[in-house]
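Student: PDB, C-alpha atoms, file run-v5.pdb:
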ATOM      1  CA  MET A   1      -7.455   1.495 -15.116
ATOM      2  CA  ILE A   2      -9.800  -1.400 -15.848
ATOM      3  CA  ILE A   3     -10.643  -3.875 -13.095
ATOM      4  CA  ILE A   4     -12.357  -7.166 -13.978
ATOM      5  CA  GLY A   5     -13.636  -8.858 -10.840
ATOM      6  CA  SER A   6     -13.823  -5.630  -8.874
ATOM      7  CA  ASN A   7     -14.991  -7.153  -5.598
ATOM      8  CA  SER A   8     -12.044  -9.534  -5.392
ATOM      9  CA  ASP A   9     -10.079  -8.854  -2.208
ATOM     10  CA  VAL A  10      -6.848  -8.888  -4.199
ATOM     11  CA  ALA A  11      -8.232  -6.493  -6.812
ATOM     12  CA  VAL A  12      -9.331  -4.056  -4.106
ATOM     13  CA  ALA A  13      -5.939  -4.320  -2.408
ATOM     14  CA  PHE A  14      -4.146  -3.728  -5.716
ATOM     15  CA  VAL A  15      -6.175  -0.606  -6.487
ATOM     16  CA  GLU A  16      -5.519   0.654  -2.950
ATOM     17  CA  LYS A  17      -1.793  -0.013  -3.363
ATOM     18  CA  ILE A  18      -1.485   1.747  -6.696
ATOM     19  CA  LEU A  19      -3.437   4.759  -5.397
ATOM     20  CA  LYS A  20      -1.348   4.889  -2.202
ATOM     21  CA  GLU A  21       1.725   5.047  -4.425
ATOM     22  CA  GLY A  22       0.336   8.306  -5.800
ATOM     23  CA  GLU A  23      -0.847   7.117  -9.193
ATOM     24  CA  ARG A  24      -4.127   8.545 -10.437
ATOM     25  CA  PHE A  25      -6.258   7.754 -13.466
ATOM     26  CA  PRO A  26      -8.798   9.769 -15.462
ATOM     27  CA  MET A  27     -11.189   6.943 -14.541
ATOM     28  CA  VAL A  28     -11.103   3.541 -12.866
ATOM     29  CA  TYR A  29     -13.565   1.217 -14.613
ATOM     30  CA  LEU A  30     -14.964  -1.356 -12.188
ATOM     31  CA  LEU A  31     -16.545  -4.316 -13.997
ATOM     32  CA  THR A  32     -18.686  -6.311 -11.613
ATOM     33  CA  SER A  33     -21.523  -8.792 -11.177
ATOM     34  CA  ASN A  34     -22.492  -7.119  -7.880
ATOM     35  CA  GLU A  35     -23.275  -3.530  -8.762
ATOM     36  CA  ASN A  36     -24.505  -2.393  -5.344
ATOM     37  CA  LYS A  37     -21.419  -3.640  -3.531
ATOM     38  CA  THR A  38     -19.098  -2.143  -6.116
ATOM     39  CA  LYS A  39     -20.757   1.275  -5.889
ATOM     40  CA  LYS A  40     -19.725   1.388  -2.222
ATOM     41  CA  LEU A  41     -16.186   0.525  -3.302
ATOM     42  CA  ALA A  42     -16.222   3.358  -5.839
ATOM     43  CA  GLN A  43     -17.347   5.760  -3.114
ATOM     44  CA  HIS A  44     -14.490   4.560  -0.938
ATOM     45  CA  PHE A  45     -11.893   5.215  -3.656
ATOM     46  CA  PHE A  46     -13.278   8.726  -4.158
ATOM     47  CA  SER A  47     -13.576   9.696  -0.496
ATOM     48  CA  LYS A  48     -10.124   8.333   0.451
ATOM     49  CA  TYR A  49      -8.097   9.100  -2.667
ATOM     50  CA  GLY A  50     -10.196  11.444  -4.786
ATOM     51  CA  GLN A  51     -10.221   8.811  -7.536
ATOM     52  CA  GLN A  52     -13.198   8.784  -9.885
ATOM     53  CA  SER A  53     -14.616   5.374 -10.763
ATOM     54  CA  GLU A  54     -17.313   4.075 -13.065
ATOM     55  CA  VAL A  55     -19.209   0.936 -12.083
ATOM     56  CA  ILE A  56     -20.187  -1.305 -15.002
ATOM     57  CA  ASN A  57     -22.467  -4.296 -14.529
ATOM     58  CA  PHE A  58     -20.856  -7.232 -16.372
ATOM     59  CA  ASP A  59     -21.745 -10.733 -15.211
ATOM     60  CA  LEU A  60     -19.707 -13.447 -16.926
ATOM     61  CA  THR A  61     -22.460 -16.018 -16.347
ATOM     62  CA  GLN A  62     -24.914 -13.926 -18.392
ATOM     63  CA  GLU A  63     -25.148 -12.571 -21.932
ATOM     64  CA  ASN A  64     -23.550  -9.130 -21.987
ATOM     65  CA  ASN A  65     -23.647  -6.100 -24.246
ATOM     66  CA  PHE A  66     -20.086  -5.197 -25.224
ATOM     67  CA  ASP A  67     -21.301  -1.864 -26.601
ATOM     68  CA  GLN A  68     -21.383  -0.557 -23.026
ATOM     69  CA  LEU A  69     -17.589  -0.917 -22.979
ATOM     70  CA  ASN A  70     -16.845   1.032 -26.170
ATOM     71  CA  HIS A  71     -16.016   4.258 -24.336
ATOM     72  CA  ILE A  72     -13.420   2.687 -22.046
ATOM     73  CA  ASP A  73      -9.882   3.943 -22.626
ATOM     74  CA  SER A  74      -7.028   2.724 -20.430
ATOM     75  CA  ASP A  75      -3.399   1.575 -20.401
ATOM     76  CA  LEU A  76      -3.764  -0.846 -17.479
ATOM     77  CA  LEU A  77      -6.044  -3.842 -16.999
ATOM     78  CA  PHE A  78      -6.158  -5.940 -13.827
ATOM     79  CA  CYS A  79      -8.175  -9.160 -14.042
ATOM     80  CA  ALA A  80      -9.089 -10.917 -10.807
ATOM     81  CA  ALA A  81     -12.320 -12.539 -11.971
ATOM     82  CA  GLY A  82     -12.788 -16.041 -10.665
ATOM     83  CA  VAL A  83     -15.033 -18.500  -8.913
ATOM     84  CA  LEU A  84     -13.861 -21.575  -7.019
ATOM     85  CA  GLY A  85     -17.130 -23.475  -7.206
ATOM     86  CA  LYS A  86     -17.791 -26.709  -5.375
ATOM     87  CA  ASN A  87     -15.029 -29.217  -4.682
ATOM     88  CA  THR A  88     -14.887 -32.396  -6.755
ATOM     89  CA  ASP A  89     -16.851 -34.585  -4.332
ATOM     90  CA  GLU A  90     -19.785 -32.148  -4.308
ATOM     91  CA  GLY A  91     -19.654 -30.595  -7.750
ATOM     92  CA  LEU A  92     -18.094 -32.897 -10.330
ATOM     93  CA  TYR A  93     -21.417 -34.024 -11.809
ATOM     94  CA  ASP A  94     -23.246 -30.762 -11.120
ATOM     95  CA  ASP A  95     -23.582 -29.286 -14.615
ATOM     96  CA  TRP A  96     -24.449 -25.788 -13.398
ATOM     97  CA  ASN A  97     -21.397 -25.761 -11.123
ATOM     98  CA  THR A  98     -19.109 -26.912 -13.944
ATOM     99  CA  GLN A  99     -20.526 -24.395 -16.391
ATOM    100  CA  LYS A 100     -20.107 -21.506 -13.967
ATOM    101  CA  ILE A 101     -16.505 -22.441 -13.158
ATOM    102  CA  VAL A 102     -15.576 -22.724 -16.834
ATOM    103  CA  GLU A 103     -17.377 -19.533 -17.912
ATOM    104  CA  VAL A 104     -16.087 -17.226 -15.173
ATOM    105  CA  ASN A 105     -12.531 -18.556 -15.052
ATOM    106  CA  TYR A 106     -11.998 -19.148 -18.754
ATOM    107  CA  SER A 107     -14.467 -19.353 -21.630
ATOM    108  CA  LYS A 108     -16.392 -16.089 -21.236
ATOM    109  CA  LEU A 109     -13.516 -14.390 -19.462
ATOM    110  CA  ILE A 110     -11.096 -14.663 -22.380
ATOM    111  CA  VAL A 111     -13.688 -13.229 -24.755
ATOM    112  CA  LEU A 112     -13.786 -10.156 -22.497
ATOM    113  CA  MET A 113     -10.000 -10.104 -22.206
ATOM    114  CA  ASN A 114      -9.695 -10.251 -25.992
ATOM    115  CA  TYR A 115     -12.025  -7.286 -26.304
ATOM    116  CA  PHE A 116      -9.670  -5.141 -24.248
ATOM    117  CA  ALA A 117      -6.509  -6.711 -25.698
ATOM    118  CA  GLN A 118      -7.588  -5.490 -29.121
ATOM    119  CA  LYS A 119      -7.948  -1.964 -27.738
ATOM    120  CA  PHE A 120      -4.468  -2.135 -26.190
ATOM    121  CA  GLU A 121      -2.994  -3.476 -29.432
ATOM    122  CA  ALA A 122      -4.531  -0.613 -31.397
ATOM    123  CA  LYS A 123      -2.943   1.899 -29.005
ATOM    124  CA  GLY A 124       0.410   0.110 -29.079
ATOM    125  CA  LYS A 125       0.948   0.303 -25.327
ATOM    126  CA  GLY A 126      -0.358  -0.859 -21.967
ATOM    127  CA  THR A 127      -0.173  -3.602 -19.366
ATOM    128  CA  ILE A 128      -2.557  -6.508 -18.814
ATOM    129  CA  ILE A 129      -2.345  -8.346 -15.482
ATOM    130  CA  GLY A 130      -4.198 -11.626 -15.048
ATOM    131  CA  LEU A 131      -4.620 -13.681 -11.878
ATOM    132  CA  SER A 132      -4.484 -17.405 -12.500
ATOM    133  CA  SER A 133      -3.798 -20.079  -9.851
ATOM    134  CA  VAL A 134      -1.413 -22.827  -8.773
ATOM    135  CA  ALA A 135      -4.435 -25.097  -9.311
ATOM    136  CA  GLY A 136      -3.737 -24.772 -13.026
ATOM    137  CA  GLU A 137      -0.235 -26.211 -12.714
ATOM    138  CA  ARG A 138      -1.435 -29.820 -12.550
ATOM    139  CA  GLY A 139      -4.862 -31.433 -12.316
ATOM    140  CA  ARG A 140      -5.537 -32.720  -8.803
ATOM    141  CA  GLN A 141      -8.573 -34.722  -7.753
ATOM    142  CA  SER A 142      -9.740 -32.165  -5.182
ATOM    143  CA  ASN A 143     -10.483 -29.357  -7.670
ATOM    144  CA  PHE A 144      -9.542 -30.346 -11.205
ATOM    145  CA  ILE A 145     -12.526 -28.624 -12.887
ATOM    146  CA  TYR A 146     -11.397 -25.290 -11.427
ATOM    147  CA  GLY A 147      -7.774 -26.245 -12.088
ATOM    148  CA  SER A 148      -8.441 -27.088 -15.727
ATOM    149  CA  ALA A 149     -10.058 -23.679 -16.296
ATOM    150  CA  LYS A 150      -7.103 -21.952 -14.630
ATOM    151  CA  ALA A 151      -4.674 -24.036 -16.672
ATOM    152  CA  GLY A 152      -6.422 -22.758 -19.788
ATOM    153  CA  PHE A 153      -6.264 -19.187 -18.515
ATOM    154  CA  THR A 154      -2.539 -19.484 -17.749
ATOM    155  CA  ALA A 155      -1.915 -20.800 -21.277
ATOM    156  CA  TYR A 156      -4.069 -18.002 -22.715
ATOM    157  CA  LEU A 157      -2.053 -15.338 -20.872
ATOM    158  CA  ALA A 158       1.223 -16.893 -22.043
ATOM    159  CA  GLY A 159       0.069 -16.854 -25.657
ATOM    160  CA  LEU A 160      -1.329 -13.332 -25.346
ATOM    161  CA  ARG A 161       1.987 -12.159 -23.863
ATOM    162  CA  ASN A 162       3.860 -13.700 -26.809
ATOM    163  CA  TYR A 163       1.485 -12.115 -29.315
ATOM    164  CA  LEU A 164       1.273  -8.643 -27.755
ATOM    165  CA  TYR A 165       5.013  -8.360 -27.061
ATOM    166  CA  HIS A 166       5.475  -7.367 -30.667
ATOM    167  CA  LYS A 167       2.651  -4.831 -30.291
ATOM    168  CA  LYS A 168       4.373  -3.102 -27.304
ATOM    169  CA  VAL A 169       1.772  -4.377 -24.809
ATOM    170  CA  HIS A 170       2.963  -6.258 -21.719
ATOM    171  CA  VAL A 171       1.038  -9.190 -20.221
ATOM    172  CA  MET A 172       1.827 -10.392 -16.703
ATOM    173  CA  THR A 173       0.610 -13.685 -15.231
ATOM    174  CA  VAL A 174       0.105 -13.796 -11.467
ATOM    175  CA  ILE A 175      -0.011 -17.245  -9.866
ATOM    176  CA  PRO A 176      -1.275 -17.142  -6.293
ATOM    177  CA  GLY A 177      -1.368 -20.078  -3.919
ATOM    178  CA  PHE A 178      -3.672 -20.004  -0.916
ATOM    179  CA  MET A 179      -4.943 -16.520  -0.104
ATOM    180  CA  ASP A 180      -7.049 -15.291   2.775
ATOM    181  CA  THR A 181      -9.975 -13.984   0.725
ATOM    182  CA  GLN A 182     -13.745 -14.268   0.402
ATOM    183  CA  MET A 183     -13.237 -17.100  -2.096
ATOM    184  CA  THR A 184     -11.440 -19.269   0.471
ATOM    185  CA  ALA A 185     -13.437 -18.198   3.537
ATOM    186  CA  ASP A 186     -14.911 -21.699   3.990
ATOM    187  CA  ILE A 187     -11.605 -23.494   3.472
ATOM    188  CA  GLU A 188      -8.976 -24.138   6.131
ATOM    189  CA  THR A 189      -5.629 -23.198   4.617
ATOM    190  CA  PRO A 190      -2.152 -23.575   6.186
ATOM    191  CA  LYS A 191      -1.057 -20.163   7.478
ATOM    192  CA  PRO A 192       2.594 -20.397   6.298
ATOM    193  CA  LEU A 193       1.333 -20.932   2.751
ATOM    194  CA  THR A 194      -1.519 -18.398   2.874
ATOM    195  CA  ALA A 195      -0.996 -14.825   1.692
ATOM    196  CA  GLN A 196      -3.024 -11.811   2.778
ATOM    197  CA  PRO A 197      -4.537  -9.605   0.037
ATOM    198  CA  ASP A 198      -2.321  -6.650   0.994
ATOM    199  CA  GLN A 199       0.777  -8.849   0.810
ATOM    200  CA  ALA A 200      -0.275 -10.123  -2.606
ATOM    201  CA  ALA A 201      -1.005  -6.595  -3.842
ATOM    202  CA  ASN A 202       2.463  -5.373  -2.815
ATOM    203  CA  ILE A 203       4.159  -8.246  -4.662
ATOM    204  CA  ILE A 204       1.991  -7.774  -7.755
ATOM    205  CA  TYR A 205       2.605  -4.012  -7.794
ATOM    206  CA  LYS A 206       6.391  -4.424  -7.614
ATOM    207  CA  ALA A 207       6.274  -7.042 -10.393
ATOM    208  CA  TYR A 208       4.092  -4.733 -12.501
ATOM    209  CA  LYS A 209       6.574  -1.872 -12.172
ATOM    210  CA  LYS A 210       9.429  -4.226 -13.159
ATOM    211  CA  LYS A 211       7.423  -5.654 -16.081
ATOM    212  CA  LYS A 212       7.747  -9.227 -14.874
ATOM    213  CA  ASN A 213       6.227 -11.945 -17.032
ATOM    214  CA  VAL A 214       5.168 -14.524 -14.435
ATOM    215  CA  VAL A 215       5.076 -13.959 -10.691
ATOM    216  CA  TYR A 216       4.192 -16.321  -7.859
ATOM    217  CA  VAL A 217       2.609 -14.474  -4.951
ATOM    218  CA  THR A 218       4.756 -16.465  -2.519
ATOM    219  CA  PHE A 219       8.054 -17.944  -3.680
ATOM    220  CA  LEU A 220       7.449 -21.039  -1.559
ATOM    221  CA  TRP A 221       4.614 -21.996  -3.928
ATOM    222  CA  TRP A 222       7.011 -21.934  -6.864
ATOM    223  CA  GLY A 223       9.058 -24.647  -5.151
ATOM    224  CA  ILE A 224       6.003 -26.672  -4.146
ATOM    225  CA  MET A 225       4.569 -26.652  -7.648
ATOM    226  CA  MET A 226       7.945 -27.501  -9.164
ATOM    227  CA  ILE A 227       7.895 -30.689  -7.098
ATOM    228  CA  ILE A 228       4.241 -31.482  -7.868
ATOM    229  CA  ARG A 229       4.716 -30.938 -11.609
ATOM    230  CA  ASN A 230       7.607 -33.408 -11.653
ATOM    231  CA  ILE A 231       6.024 -36.300  -9.765
ATOM    232  CA  PRO A 232       5.823 -39.211 -12.244
ATOM    233  CA  GLU A 233       2.262 -39.814 -13.409
ATOM    234  CA  PHE A 234       2.239 -43.450 -12.302
ATOM    235  CA  VAL A 235       2.909 -42.184  -8.757
ATOM    236  CA  PHE A 236       0.825 -39.007  -8.952
ATOM    237  CA  LYS A 237      -2.405 -40.768  -9.945
ATOM    238  CA  LYS A 238      -2.337 -42.740  -6.674
ATOM    239  CA  LEU A 239      -2.035 -39.649  -4.464
ATOM    240  CA  LYS A 240      -4.917 -37.833  -2.809
ATOM    241  CA  MET A 241      -4.342 -34.125  -3.364
TER     242      MET A 241
END
Turn the structure described in the file into structure tokens.

Tutor:
Amino acid sequence: MIIIGSNSDVAVAFVEKILKEGERFPMVYLLTSNENKTKKLAQHFFSKYGQQSEVINFDLTQENNFDQLNHIDSDLLFCAAGVLGKNTDEGLYDDWNTQKIVEVNYSKLIVLMNYFAQKFEAKGKGTIIGLSSVAGERGRQSNFIYGSAKAGFTAYLAGLRNYLYHKKVHVMTVIPGFMDTQMTADIETPKPLTAQPDQAANIIYKAYKKKKNVVYVTFLWWGIMMIIRNIPEFVFKKLKM
């Protein structure tokens, strides 16, 4: 199993869930920008489940050597890479902030995803799971740089799913709403609309086993975004969201 964004709370919860269900892998490949922290995670997976892991330093904000990934062989990829960045008021005209958001959530991420997608296509089997966001459903003034990158990632996953379907590789898009994670630690989120990582992992795992195409972590968000997507633009542009 390949994990991109290994220190994501949802990624950790998903690996825990799949291992609790009794599945084991020759190797779990943990791609990370925080090698020291991820090594502790690898030790945890081994001591608790006997699962071997390899930690690979891969920072999407830096230039990376793809040769270090040549040996990786897997039928399952879980991508939880992402960075929220600053909100619009603080970060809109901060070039470094914008660049980081776009690179980690989209531009450099899809180059990495394509690298593994080609491997899956060559094998003619496998599952790719990508975490996008409700922020990509419609640009809102509070976080539209992040949302635009996630919108691109959602579209990428949809196209990849269409392309790889004929190659016997399944691609699943996960669209979370608010989640109680490190990424949102400084943000007050409404509890009824906020999922815990374990809750998200359970939903994602069930959808993975059923080969779902698109799954919302909480069904309530599907309804909310249906409404938001259908607000007429002449009304929507006047709202503060």

Student: With the file shown as input, list the residues that the PyMOL selection byres ((chain A and resi 87) around 9) selects, as an MDAnalysis selection string.

Tutor: chainID A and resid 84:86 88:92 142:146

Student: Could you list the residues chosen by the PyMOL selection byres ((chain A and resi 155) around 12) in this structure as a ChimeraX atom specification?

Tutor: /A:106,110,130,132-133,136-137,148-154,156-162,172-173,214

Student: Could you spell out the hits of the PyMOL selection byres ((chain A and resi 225) around 12) on the shown file, as a PDB file with C-alpha atoms, in the frame of the given file?

Tutor:
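Generated output (result36.pdb):
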ATOM      1  CA  SER A 133      -3.798 -20.079  -9.851  1.00  0.00           C
ATOM      2  CA  VAL A 134      -1.413 -22.827  -8.773  1.00  0.00           C
ATOM      3  CA  ALA A 135      -4.435 -25.097  -9.311  1.00  0.00           C
ATOM      4  CA  GLY A 136      -3.737 -24.772 -13.026  1.00  0.00           C
ATOM      5  CA  GLU A 137      -0.235 -26.211 -12.714  1.00  0.00           C
ATOM      6  CA  ARG A 138      -1.435 -29.820 -12.550  1.00  0.00           C
ATOM      7  CA  GLY A 139      -4.862 -31.433 -12.316  1.00  0.00           C
ATOM      8  CA  ARG A 140      -5.537 -32.720  -8.803  1.00  0.00           C
ATOM      9  CA  ILE A 175      -0.011 -17.245  -9.866  1.00  0.00           C
ATOM     10  CA  PRO A 176      -1.275 -17.142  -6.293  1.00  0.00           C
ATOM     11  CA  GLY A 177      -1.368 -20.078  -3.919  1.00  0.00           C
ATOM     12  CA  TYR A 216       4.192 -16.321  -7.859  1.00  0.00           C
ATOM     13  CA  THR A 218       4.756 -16.465  -2.519  1.00  0.00           C
ATOM     14  CA  PHE A 219       8.054 -17.944  -3.680  1.00  0.00           C
ATOM     15  CA  LEU A 220       7.449 -21.039  -1.559  1.00  0.00           C
ATOM     16  CA  TRP A 221       4.614 -21.996  -3.928  1.00  0.00           C
ATOM     17  CA  TRP A 222       7.011 -21.934  -6.864  1.00  0.00           C
ATOM     18  CA  GLY A 223       9.058 -24.647  -5.151  1.00  0.00           C
ATOM     19  CA  ILE A 224       6.003 -26.672  -4.146  1.00  0.00           C
ATOM     20  CA  MET A 226       7.945 -27.501  -9.164  1.00  0.00           C
ATOM     21  CA  ILE A 227       7.895 -30.689  -7.098  1.00  0.00           C
ATOM     22  CA  ILE A 228       4.241 -31.482  -7.868  1.00  0.00           C
ATOM     23  CA  ARG A 229       4.716 -30.938 -11.609  1.00  0.00           C
ATOM     24  CA  ASN A 230       7.607 -33.408 -11.653  1.00  0.00           C
ATOM     25  CA  ILE A 231       6.024 -36.300  -9.765  1.00  0.00           C
TER      26      ILE A 231
END

Student: So which one's closest to Ala200 of chain A, A:Glu103, A:Leu131, A:Leu239, A:Leu77? Using all atoms listed in the file, please.

Tutor: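 Counting all atoms listed in the file, the residue closest to Ala200 of chain A is A:Leu131.
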
Student: Which residues, written as a PyMOL selection string, have at least one atom at most 12 Å from Leu69 of chain A, with only C-alpha atoms counted and residues fewer than 3 positions away on the same chain left out?

Tutor: chain A and resi 2+29-31+54-58+64-66+72-74+112-113+115-116+119

Student: Could you name the residues that touch segment 16-26 of chain A at 8 Å or less, counting only C-alpha atoms, but leaving out those on the same chain fewer than 4 positions away, as a ChimeraX atom specification?

Tutor: /A:1,12,45,49,51-52,198,201-202,205

Student: Suppose we keep C-alpha atoms; can you now write the selection as a PDB file, in the coordinates of the input?

Tutor:
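File selection.pdb, as written:
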ATOM      1  CA  MET A   1      -7.455   1.495 -15.116  1.00  0.00           C
ATOM      2  CA  VAL A  12      -9.331  -4.056  -4.106  1.00  0.00           C
ATOM      3  CA  PHE A  45     -11.893   5.215  -3.656  1.00  0.00           C
ATOM      4  CA  TYR A  49      -8.097   9.100  -2.667  1.00  0.00           C
ATOM      5  CA  GLN A  51     -10.221   8.811  -7.536  1.00  0.00           C
ATOM      6  CA  GLN A  52     -13.198   8.784  -9.885  1.00  0.00           C
ATOM      7  CA  ASP A 198      -2.321  -6.650   0.994  1.00  0.00           C
ATOM      8  CA  ALA A 201      -1.005  -6.595  -3.842  1.00  0.00           C
ATOM      9  CA  ASN A 202       2.463  -5.373  -2.815  1.00  0.00           C
ATOM     10  CA  TYR A 205       2.605  -4.012  -7.794  1.00  0.00           C
TER      11      TYR A 205
END

Student: For a test of reading the model, state the distance in Å between atom CA of Ser107 of chain A and atom CA of Glu35 of chain A, rounded to one decimal.

Tutor: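 For atom CA of Ser107 of chain A relative to atom CA of Glu35 of chain A, the distance reads 22.2 Å.
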
Student: Interatomic distance between atom CA of Val102 of chain A and atom CA of Ala81 of chain A?

Tutor: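 Separation of atom CA of Val102 of chain A and atom CA of Ala81 of chain A: 11.7 Å.
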
Student: So the first atom is atom CA of Asn213 of chain A and the second is atom CA of Pro197 of chain A; what is the distance between them in Å, to one decimal place?

Tutor: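 Straight-line distance from atom CA of Asn213 of chain A to atom CA of Pro197 of chain A works out to 20.3 Å.
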
Student: Give the answer as one residue: which of A:Gln199, A:Gln141, A:Gln118, A:Asn97 has the shortest atom-to-atom distance to Val10 of chain A, using all atoms listed in the file?

Tutor: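 Going through A:Gln199, A:Gln141, A:Gln118, A:Asn97 one by one, the smallest distance to Val10 of chain A is for A:Gln199.
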
Student: Out of A:His166, A:His44, A:Pro232, A:Lys206, which residue has the shortest atom-to-atom distance to Lys125 of chain A when counting only C-alpha atoms?

Tutor: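 So, comparing all the options, the nearest one is A:His166.
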
Student: Find, counting only C-alpha atoms, the residue in A:Met27, A:Leu76, A:Ala11, A:Leu60 that gets nearest to Val111 of chain A.

Tutor: A:Leu60

Student: For each of A:Phe236, A:Phe46, A:Tyr165, A:Trp96, take the minimum atom-to-atom distance to Lys211 of chain A, counting only C-alpha atoms, then give the residue where this is smallest.

Tutor: A:Tyr165

Student: Output as an mmCIF file, in the coordinates of the input: segment 106-113 of chain A, completed with all heavy atoms.

Tutor:
data_model
loop_
_atom_site.group_PDB
_atom_site.id
_atom_site.type_symbol
_atom_site.label_atom_id
_atom_site.label_comp_id
_atom_site.auth_asym_id
_atom_site.auth_seq_id
_atom_site.Cartn_x
_atom_site.Cartn_y
_atom_site.Cartn_z
ATOM 1 N N TYR A 106 -12.650 -18.985 -17.459
ATOM 2 C CA TYR A 106 -11.998 -19.148 -18.754
ATOM 3 C C TYR A 106 -12.842 -18.727 -19.960
ATOM 4 O O TYR A 106 -12.561 -17.701 -20.578
ATOM 5 C CB TYR A 106 -11.529 -20.597 -18.940
ATOM 6 C CG TYR A 106 -10.804 -20.786 -20.241
ATOM 7 C CD1 TYR A 106 -9.534 -20.242 -20.422
ATOM 8 C CD2 TYR A 106 -11.383 -21.473 -21.304
ATOM 9 C CE1 TYR A 106 -8.859 -20.380 -21.627
ATOM 10 C CE2 TYR A 106 -10.720 -21.613 -22.515
ATOM 11 C CZ TYR A 106 -9.453 -21.073 -22.674
ATOM 12 O OH TYR A 106 -8.795 -21.184 -23.857
ATOM 13 N N SER A 107 -13.866 -19.492 -20.300
ATOM 14 C CA SER A 107 -14.467 -19.353 -21.630
ATOM 15 C C SER A 107 -15.031 -17.963 -21.915
ATOM 16 O O SER A 107 -14.741 -17.358 -22.954
ATOM 17 C CB SER A 107 -15.537 -20.430 -21.860
ATOM 18 O OG SER A 107 -16.619 -20.284 -20.969
ATOM 19 N N LYS A 108 -15.843 -17.432 -21.018
ATOM 20 C CA LYS A 108 -16.392 -16.089 -21.236
ATOM 21 C C LYS A 108 -15.399 -15.005 -20.826
ATOM 22 O O LYS A 108 -15.438 -13.891 -21.358
ATOM 23 C CB LYS A 108 -17.718 -15.932 -20.492
ATOM 24 C CG LYS A 108 -18.865 -16.704 -21.141
ATOM 25 C CD LYS A 108 -20.201 -16.341 -20.536
ATOM 26 C CE LYS A 108 -21.348 -17.036 -21.265
ATOM 27 N NZ LYS A 108 -22.664 -16.724 -20.666
ATOM 28 N N LEU A 109 -14.507 -15.362 -19.913
ATOM 29 C CA LEU A 109 -13.516 -14.390 -19.462
ATOM 30 C C LEU A 109 -12.554 -14.013 -20.582
ATOM 31 O O LEU A 109 -12.240 -12.835 -20.771
ATOM 32 C CB LEU A 109 -12.743 -14.940 -18.263
ATOM 33 C CG LEU A 109 -11.627 -14.052 -17.720
ATOM 34 C CD1 LEU A 109 -12.167 -12.687 -17.287
ATOM 35 C CD2 LEU A 109 -10.921 -14.745 -16.556
ATOM 36 N N ILE A 110 -12.079 -15.009 -21.350
ATOM 37 C CA ILE A 110 -11.096 -14.663 -22.380
ATOM 38 C C ILE A 110 -11.720 -13.902 -23.538
ATOM 39 O O ILE A 110 -11.027 -13.149 -24.229
ATOM 40 C CB ILE A 110 -10.320 -15.901 -22.877
ATOM 41 C CG1 ILE A 110 -11.217 -16.892 -23.614
ATOM 42 C CG2 ILE A 110 -9.582 -16.571 -21.736
ATOM 43 C CD1 ILE A 110 -10.429 -17.968 -24.357
ATOM 44 N N VAL A 111 -13.013 -14.060 -23.741
ATOM 45 C CA VAL A 111 -13.688 -13.229 -24.755
ATOM 46 C C VAL A 111 -13.631 -11.766 -24.321
ATOM 47 O O VAL A 111 -13.342 -10.868 -25.129
ATOM 48 C CB VAL A 111 -15.151 -13.683 -24.954
ATOM 49 C CG1 VAL A 111 -15.883 -12.739 -25.899
ATOM 50 C CG2 VAL A 111 -15.204 -15.110 -25.488
ATOM 51 N N LEU A 112 -13.874 -11.519 -23.034
ATOM 52 C CA LEU A 112 -13.786 -10.156 -22.497
ATOM 53 C C LEU A 112 -12.346 -9.645 -22.534
ATOM 54 O O LEU A 112 -12.094 -8.497 -22.908
ATOM 55 C CB LEU A 112 -14.312 -10.145 -21.056
ATOM 56 C CG LEU A 112 -14.236 -8.816 -20.305
ATOM 57 C CD1 LEU A 112 -15.028 -7.733 -21.030
ATOM 58 C CD2 LEU A 112 -14.754 -8.985 -18.871
ATOM 59 N N MET A 113 -11.413 -10.498 -22.169
ATOM 60 C CA MET A 113 -10.000 -10.104 -22.206
ATOM 61 C C MET A 113 -9.581 -9.745 -23.632
ATOM 62 O O MET A 113 -8.850 -8.770 -23.862
ATOM 63 C CB MET A 113 -9.135 -11.234 -21.662
ATOM 64 C CG MET A 113 -9.343 -11.558 -20.195
ATOM 65 S SD MET A 113 -8.602 -10.361 -19.073
ATOM 66 C CE MET A 113 -6.885 -10.846 -19.168
#
